[in-house]
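Dumped input_13.csv below, it's CSV, C-alpha atoms:
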```csv
chain,number,residue,atom,x,y,z
A,541,MET,CA,54.3,-119.0,-99.7
A,542,PRO,CA,53.6,-115.7,-101.6
A,543,GLY,CA,56.8,-114.0,-102.7
A,544,SER,CA,59.1,-116.6,-101.2
A,545,GLY,CA,59.5,-119.1,-104.0
A,546,GLU,CA,58.5,-121.9,-101.6
A,547,ARG,CA,55.4,-124.1,-102.1
A,548,ARG,CA,53.2,-124.9,-99.1
A,549,GLY,CA,52.1,-128.4,-98.5
A,550,ASP,CA,48.6,-127.5,-99.6
A,551,ALA,CA,49.6,-125.6,-102.7
A,552,TYR,CA,48.2,-128.3,-104.9
A,553,GLU,CA,44.7,-127.0,-103.9
A,554,SER,CA,45.5,-123.7,-105.7
A,555,ASP,CA,46.6,-125.8,-108.7
A,556,LEU,CA,43.3,-127.6,-108.8
A,557,MET,CA,41.4,-124.4,-108.6
A,558,THR,CA,43.5,-122.7,-111.3
A,559,ASP,CA,43.0,-125.7,-113.6
A,560,ALA,CA,39.3,-125.9,-113.1
A,561,LEU,CA,38.8,-122.1,-113.6
A,562,SER,CA,41.2,-121.5,-116.5
A,563,LYS,CA,39.5,-124.2,-118.7
A,564,ALA,CA,36.0,-123.0,-117.9
A,565,LEU,CA,36.9,-119.3,-118.4
A,566,ALA,CA,38.4,-120.1,-121.8
A,567,ASP,CA,35.1,-121.4,-122.9
A,568,HIS,CA,33.7,-117.9,-122.4
A,569,GLY,CA,36.6,-116.3,-124.2
A,570,LEU,CA,38.2,-115.2,-120.9
A,571,GLU,CA,41.8,-115.6,-119.8
A,572,LEU,CA,43.0,-116.3,-116.3
A,573,ARG,CA,46.2,-114.6,-115.3
A,574,ILE,CA,47.9,-115.0,-111.9
A,575,VAL,CA,49.0,-111.8,-110.2
A,576,ASP,CA,50.4,-111.5,-106.7
A,577,TRP,CA,48.2,-109.3,-104.6
A,578,GLU,CA,51.3,-107.5,-103.3
A,579,ALA,CA,52.5,-106.6,-106.9
A,580,ASP,CA,52.5,-103.0,-108.1
A,581,LEU,CA,49.2,-101.7,-109.3
A,582,ALA,CA,50.6,-101.5,-112.8
A,583,GLU,CA,50.7,-105.3,-112.9
A,584,PHE,CA,46.8,-105.2,-112.9
A,585,ASP,CA,46.6,-103.1,-116.0
A,586,GLY,CA,44.1,-104.6,-118.4
A,587,VAL,CA,42.4,-106.7,-115.7
A,588,SER,CA,38.6,-106.4,-115.8
A,589,LEU,CA,37.8,-108.6,-112.8
A,590,ALA,CA,40.1,-109.9,-110.0
A,591,LEU,CA,39.2,-113.2,-108.4
A,592,LEU,CA,40.8,-113.6,-105.0
A,593,GLY,CA,42.6,-116.8,-104.5
A,594,SER,CA,45.6,-118.3,-102.6
A,595,SER,CA,46.4,-115.0,-100.9
A,596,TRP,CA,47.8,-117.1,-98.0
A,597,ASN,CA,49.4,-114.2,-96.1
A,598,TYR,CA,46.6,-111.7,-96.0
A,599,GLN,CA,45.8,-112.5,-92.4
A,600,ASP,CA,49.2,-111.3,-91.4
A,601,LYS,CA,48.8,-108.0,-93.4
A,602,PRO,CA,45.0,-107.4,-93.2
A,603,GLN,CA,45.1,-103.7,-93.5
A,604,GLU,CA,47.5,-103.7,-96.4
A,605,PHE,CA,45.4,-106.4,-98.1
A,606,ILE,CA,42.2,-104.4,-97.8
A,607,THR,CA,43.9,-101.2,-98.9
A,608,LYS,CA,45.1,-102.9,-102.1
A,609,LEU,CA,41.6,-104.2,-102.8
A,610,ASP,CA,40.2,-100.7,-102.3
A,611,ALA,CA,42.9,-99.4,-104.8
A,612,LEU,CA,41.9,-102.0,-107.3
A,613,GLU,CA,38.3,-101.2,-107.1
A,614,ALA,CA,39.2,-97.5,-107.5
A,615,ARG,CA,40.8,-98.4,-110.8
A,616,GLY,CA,37.4,-99.8,-112.0
A,617,ILE,CA,38.4,-103.5,-111.5
A,618,GLN,CA,35.6,-105.7,-110.3
A,619,LEU,CA,36.6,-107.8,-107.3
A,620,CYS,CA,35.2,-111.2,-106.4
A,621,ASN,CA,34.6,-111.0,-103.7
A,622,SER,CA,34.4,-107.2,-103.1
A,623,ALA,CA,36.4,-105.2,-100.7
A,624,GLU,CA,33.2,-104.6,-98.8
A,625,ILE,CA,32.8,-108.3,-98.3
A,626,VAL,CA,36.4,-108.9,-97.4
A,627,ARG,CA,36.4,-106.1,-94.9
A,628,TRP,CA,33.4,-107.6,-93.1
A,629,ASN,CA,34.6,-111.2,-93.5
A,630,ALA,CA,38.2,-110.7,-92.4
A,631,ARG,CA,37.5,-110.6,-88.7
A,632,LYS,CA,35.6,-113.5,-87.2
A,633,THR,CA,33.5,-111.2,-85.1
A,634,TYR,CA,31.1,-111.4,-88.1
A,635,LEU,CA,29.9,-114.6,-86.4
A,636,ARG,CA,28.3,-112.5,-83.7
A,637,GLU,CA,26.3,-110.6,-86.3
A,638,LEU,CA,25.1,-113.8,-87.9
A,639,ALA,CA,24.2,-115.2,-84.5
A,640,ASP,CA,22.1,-112.1,-83.8
A,641,LYS,CA,20.3,-112.9,-87.1
A,642,GLY,CA,19.4,-116.4,-85.9
A,643,ALA,CA,22.4,-118.4,-87.1
A,644,ALA,CA,23.3,-121.3,-84.8
A,645,THR,CA,26.9,-120.8,-83.9
A,646,ILE,CA,29.5,-122.3,-81.5
A,647,PRO,CA,29.5,-120.5,-78.1
A,648,THR,CA,32.4,-118.0,-78.2
A,649,ILE,CA,34.2,-115.7,-75.8
A,650,TRP,CA,35.9,-112.7,-77.6
A,651,LEU,CA,39.1,-111.2,-76.0
A,652,ASP,CA,41.7,-108.7,-77.1
A,653,ASP,CA,44.3,-111.2,-75.9
A,654,VAL,CA,44.4,-114.4,-73.9
A,655,ILE,CA,46.4,-115.4,-70.9
A,656,ALA,CA,46.4,-118.7,-68.9
A,657,ASP,CA,43.8,-117.5,-66.5
A,658,ASP,CA,41.4,-116.7,-69.4
A,659,VAL,CA,41.7,-120.3,-70.6
A,660,MET,CA,40.6,-121.7,-67.3
A,661,ALA,CA,37.8,-119.1,-66.9
A,662,ALA,CA,36.5,-119.9,-70.3
A,663,MET,CA,36.5,-123.7,-69.6
A,664,ASP,CA,34.5,-123.0,-66.4
A,665,SER,CA,32.1,-120.7,-68.3
A,666,PHE,CA,31.5,-123.3,-71.0
A,667,GLY,CA,31.6,-126.3,-68.7
A,668,CYS,CA,34.0,-128.0,-71.1
A,669,GLU,CA,37.1,-130.1,-70.7
A,670,LYS,CA,38.8,-128.9,-73.9
A,671,LEU,CA,39.1,-125.4,-75.3
A,672,VAL,CA,40.2,-124.0,-78.7
A,673,VAL,CA,41.8,-120.6,-79.0
A,674,LYS,CA,41.7,-119.0,-82.5
A,675,ARG,CA,42.8,-115.8,-84.0
A,676,GLN,CA,40.0,-113.4,-84.9
A,677,ILE,CA,41.8,-112.7,-88.1
A,678,GLY,CA,43.2,-116.0,-89.3
A,679,ALA,CA,42.9,-118.7,-92.0
A,680,GLY,CA,43.7,-122.4,-92.3
A,681,ALA,CA,43.8,-122.9,-88.5
A,682,GLU,CA,47.1,-121.0,-88.4
A,683,GLY,CA,48.1,-120.2,-84.9
A,684,GLN,CA,45.2,-122.1,-83.4
A,685,MET,CA,45.8,-123.8,-80.0
A,686,ILE,CA,43.9,-126.4,-78.1
A,687,PHE,CA,44.0,-126.8,-74.3
A,688,ALA,CA,42.6,-129.3,-71.8
A,689,ARG,CA,42.1,-129.2,-68.1
A,690,ASP,CA,45.1,-131.6,-67.8
A,691,HIS,CA,47.1,-129.7,-70.4
A,692,MET,CA,47.0,-126.0,-69.6
A,693,PRO,CA,49.3,-123.2,-70.8
A,694,ASP,CA,52.1,-122.1,-68.6
A,695,ALA,CA,51.4,-119.3,-66.1
A,696,GLY,CA,53.2,-116.7,-68.2
A,697,TRP,CA,51.7,-117.8,-71.5
A,698,ARG,CA,50.1,-115.2,-73.7
A,699,PHE,CA,48.3,-115.8,-77.1
A,700,GLY,CA,49.4,-112.5,-78.6
A,701,HIS,CA,46.4,-111.9,-80.9
A,702,LYS,CA,42.8,-110.7,-80.7
A,703,ALA,CA,41.2,-114.1,-80.0
A,704,MET,CA,38.0,-116.2,-79.9
A,705,LEU,CA,37.7,-119.0,-77.4
A,706,GLN,CA,35.4,-121.9,-78.1
A,707,PRO,CA,34.6,-125.2,-76.4
A,708,PHE,CA,36.1,-128.1,-78.4
A,709,LEU,CA,33.4,-130.1,-80.1
A,710,PRO,CA,34.2,-133.9,-80.2
A,711,THR,CA,32.2,-134.3,-83.4
A,712,ILE,CA,34.9,-132.6,-85.4
A,713,GLN,CA,36.9,-135.8,-84.8
A,714,SER,CA,34.2,-138.3,-84.8
A,715,GLU,CA,32.1,-137.0,-87.7
A,716,GLY,CA,34.1,-134.2,-89.3
A,717,GLU,CA,33.3,-130.8,-90.7
A,718,PHE,CA,30.8,-130.1,-93.4
A,719,SER,CA,31.3,-127.5,-96.2
A,720,PHE,CA,28.6,-126.1,-98.4
A,721,ILE,CA,29.9,-124.4,-101.5
A,722,PHE,CA,27.7,-121.6,-102.9
A,723,ILE,CA,28.1,-119.9,-106.3
A,724,GLN,CA,26.1,-116.8,-106.8
A,725,GLY,CA,23.9,-117.7,-103.9
A,726,GLU,CA,23.1,-121.2,-105.1
A,727,LEU,CA,24.4,-124.4,-103.5
A,728,SER,CA,26.9,-126.0,-105.9
A,729,HIS,CA,28.1,-129.0,-103.9
A,730,ALA,CA,28.9,-130.2,-100.3
A,731,LEU,CA,31.6,-132.3,-98.8
A,732,ARG,CA,32.8,-133.7,-95.5
A,733,LYS,CA,36.3,-133.0,-94.2
A,734,ASN,CA,37.9,-135.4,-91.7
A,735,ALA,CA,40.9,-134.9,-89.6
A,736,ALA,CA,43.9,-137.3,-89.6
A,737,GLU,CA,44.2,-139.8,-86.8
A,738,GLY,CA,45.1,-138.0,-83.6
A,739,GLU,CA,44.5,-134.6,-85.1
A,740,TYR,CA,41.5,-132.2,-84.9
A,741,ARG,CA,42.3,-129.7,-87.7
A,742,ILE,CA,40.7,-130.9,-90.9
A,743,GLN,CA,42.8,-128.9,-93.4
A,744,SER,CA,44.9,-130.9,-95.8
A,745,LEU,CA,48.0,-129.2,-94.5
A,746,TYR,CA,47.5,-131.3,-91.3
A,747,GLY,CA,46.6,-134.5,-93.1
A,748,GLY,CA,42.9,-133.9,-93.4
A,749,THR,CA,40.9,-135.6,-96.2
A,750,GLU,CA,37.7,-134.8,-98.0
A,751,SER,CA,34.8,-136.9,-99.4
A,752,ASP,CA,31.6,-136.2,-101.2
A,753,TYR,CA,28.6,-135.5,-99.1
A,754,ARG,CA,25.0,-135.3,-100.1
A,755,PRO,CA,23.3,-133.1,-97.5
A,756,SER,CA,19.7,-133.6,-96.4
A,757,GLN,CA,17.2,-130.9,-97.4
A,758,ASP,CA,17.3,-129.6,-93.9
A,759,GLU,CA,21.1,-129.4,-93.8
A,760,ALA,CA,21.2,-127.6,-97.1
A,761,ALA,CA,18.5,-125.2,-95.9
A,762,GLN,CA,20.5,-124.4,-92.7
A,763,ALA,CA,23.5,-123.5,-94.9
A,764,GLN,CA,21.3,-121.4,-97.2
A,765,LYS,CA,20.0,-119.4,-94.3
A,766,ILE,CA,23.5,-118.3,-93.6
A,767,ILE,CA,23.8,-116.9,-97.2
A,768,ALA,CA,20.4,-115.2,-96.8
A,769,ALA,CA,21.6,-113.5,-93.6
A,770,LEU,CA,24.6,-111.9,-95.2
A,771,PRO,CA,24.5,-108.1,-94.9
A,772,PHE,CA,25.4,-107.4,-98.5
A,773,ASP,CA,24.5,-108.4,-102.1
A,774,THR,CA,25.0,-112.1,-102.9
A,775,PRO,CA,28.8,-112.9,-103.1
A,776,LEU,CA,30.1,-114.7,-106.2
A,777,TYR,CA,31.3,-117.5,-104.0
A,778,ALA,CA,31.0,-118.6,-100.4
A,779,ARG,CA,31.9,-121.6,-98.4
A,780,ILE,CA,29.8,-122.3,-95.3
A,781,ASP,CA,31.6,-124.5,-92.8
A,782,MET,CA,29.5,-126.3,-90.2
A,783,VAL,CA,30.0,-128.9,-87.5
A,784,ARG,CA,27.4,-130.9,-85.7
A,785,GLY,CA,26.8,-130.0,-82.0
A,786,GLU,CA,26.1,-132.5,-79.3
A,787,ASP,CA,22.3,-132.1,-80.0
A,788,SER,CA,22.9,-133.0,-83.7
A,789,GLN,CA,22.2,-129.5,-84.8
A,790,LEU,CA,24.6,-128.1,-87.4
A,791,LEU,CA,26.6,-125.1,-86.0
A,792,LEU,CA,28.2,-122.5,-88.1
A,793,MET,CA,32.0,-122.5,-87.8
A,794,GLU,CA,32.9,-120.0,-90.5
A,795,ALA,CA,31.4,-118.3,-93.6
A,796,GLU,CA,34.5,-118.1,-95.8
A,797,MET,CA,34.2,-115.4,-98.5
A,798,ILE,CA,37.7,-114.1,-99.0
A,799,GLU,CA,39.8,-116.8,-100.8
A,800,PRO,CA,38.5,-120.1,-99.6
A,801,TYR,CA,39.4,-123.4,-101.3
A,802,LEU,CA,36.2,-124.5,-103.1
A,803,TYR,CA,37.0,-128.2,-103.6
A,804,PRO,CA,36.6,-128.6,-107.4
A,805,VAL,CA,37.3,-132.3,-107.1
A,806,GLN,CA,34.1,-132.8,-105.1
A,807,GLY,CA,32.3,-130.3,-107.4
A,808,PRO,CA,33.3,-130.9,-111.0
A,809,GLU,CA,30.8,-128.3,-112.2
A,810,LEU,CA,32.5,-125.6,-110.0
A,811,GLY,CA,34.6,-124.2,-112.8
A,812,PRO,CA,31.8,-123.8,-115.3
A,813,ARG,CA,29.5,-122.3,-112.6
A,814,ILE,CA,32.0,-119.7,-111.6
A,815,ALA,CA,33.0,-118.9,-115.2
A,816,SER,CA,29.4,-118.4,-116.2
A,817,ALA,CA,28.8,-116.1,-113.2
A,818,ILE,CA,31.9,-114.1,-114.0
A,819,ALA,CA,30.9,-113.8,-117.7
A,820,ASN,CA,27.5,-112.5,-116.6
A,821,ARG,CA,29.1,-110.0,-114.2
A,822,LEU,CA,31.4,-108.7,-116.9
A,823,ALA,CA,28.5,-108.4,-119.4
A,824,GLU,CA,26.5,-106.4,-117.0
A,825,LYS,CA,29.2,-103.7,-117.0
A,826,VAL,CA,29.3,-103.5,-120.8
A,827,PRO,CA,27.0,-100.8,-122.1
A,828,ALA,CA,24.4,-101.9,-124.7
A,829,SER,CA,25.5,-101.3,-128.3
```
Rewritten as structure tokens:
Amino acid sequence: MPGSGERRGDAYESDLMTDALSKALADHGLELRIVDWEADLAEFDGVSLALLGSSWNYQDKPQEFITKLDALEARGIQLCNSAEIVRWNARKTYLRELADKGAATIPTIWLDDVIADDVMAAMDSFGCEKLVVKRQIGAGAEGQMIFARDHMPDAGWRFGHKAMLQPFLPTIQSEGEFSFIFIQGELSHALRKNAAEGEYRIQSLYGGTESDYRPSQDEAAQAQKIIAALPFDTPLYARIDMVRGEDSQLLLMEAEMIEPYLYPVQGPELGPRIASAIANRLAEKVPAS
């Protein structure tokens, strides 16, 4: 965990990203240096561009995180992705905005907090047997809870966070979740993430595994439409996570643009693509000689 000296079970993902990026950036004469986002601003002296990654505790300190990003940009440091994008992407209510623009999303009830009665009311509203309760500001399924009609919370239970309630989709276990990785608005690669036996969370921290996936033209187009609907300039990177609904249509789960794992194993060209995009962004800031 950041600042604790302890390594999370999925810390190897950060290692894989660092390895892929450092080698590719070196080919452009650029050096990758790791700086804790909570470090003093002086630690960022000499940094031209900050690439967000492995900031695993930002969801517990969202305002402090965004304030630090604002301060870095005020020092003339390019952020990828920008503070504007992070501010928009940090709270999952952005899904409502994308749905208004035509994105197919999972039906969701938004509440400032959740009690036991809300769980039953949501199940009745959706007509479902299982319900997932998620934090509006969250990452990696942290704090996520699942309930069923025969496994309800105690009468005095309270979630304790601004929440989103969604019907549980069985396809997350039978087929998995699909991730589409975009670099500078172009599809880099796609993959399928499957949960461990008896689990529904697909993250490696819970035993989830990944495999290569070649999307159909229609599937790739559906993911591309999400990128096109974003209310800002093209982000350097984005991971579009989708799951198939019961009618076989892909539904948007999340559009991750803060510090998502981008799966360099399934996309061996990821490092060079990001490095090239970074080099171009830095070059654009250099005045012509």
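Separating atom CA of A:Glu799 from atom CA of A:Trp596 is a distance of 8.5 Å.
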Looking at A:Asp657, A:Glu726, A:Asp664, A:Glu739, which one is nearest to A:Ser714, with distances taken over all atoms listed in the file?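 Counting all atoms listed in the file, the residue closest to A:Ser714 is A:Glu739.
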Sort by chain and increasing residue number a table of all residues of stretch 683-792 of chain A within 10 Å of stretch 634-642 of chain A, each with its closest pair of atoms and their distance in Å to one decimal, counting only C-alpha atoms, and write it as a Markdown table.
```
| residue | atom | partner | partner_atom | distance |
| --- | --- | --- | --- | --- |
| A:Lys765 | CA | A:Gly642 | CA | 8.9 |
| A:Ile766 | CA | A:Leu638 | CA | 7.4 |
| A:Ile767 | CA | A:Leu638 | CA | 9.9 |
| A:Ala768 | CA | A:Lys641 | CA | 10.0 |
| A:Ala769 | CA | A:Lys641 | CA | 6.7 |
| A:Leu770 | CA | A:Leu638 | CA | 7.6 |
| A:Pro771 | CA | A:Leu638 | CA | 9.0 |
| A:Leu792 | CA | A:Leu635 | CA | 8.3 |
```
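Residues within 12 Å of A:Ala630, counting all atoms listed in the file and excluding same-chain residues fewer than 5 positions away, are Tyr598, Gln599, Asp600, Lys601, Pro602, Gln603, Phe605, Ile606, Asn621, Ser622, Ala623, Glu624, Ile625, Leu635, Arg675, Gln676, Ile677, Gly678, Ala679, Glu794, Ala795, Glu796, Met797, Ile798, Glu799 and Pro800 of chain A.
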Select, counting all atoms listed in the file, all protein, DNA and RNA residues no farther than 12 Å from (42.1, -126.4, -79.7) in file coordinates, and express the selection as a PyMOL selection string. chain A and resi 659+663+668-675+681-689+691-693+704-710+712-713+739-741
Work out how far apart atom CA of A:Gly700 and atom CA of A:Asp610 are and give it in Å to one decimal.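 Straight-line distance from atom CA of A:Gly700 to atom CA of A:Asp610 works out to 28.0 Å.
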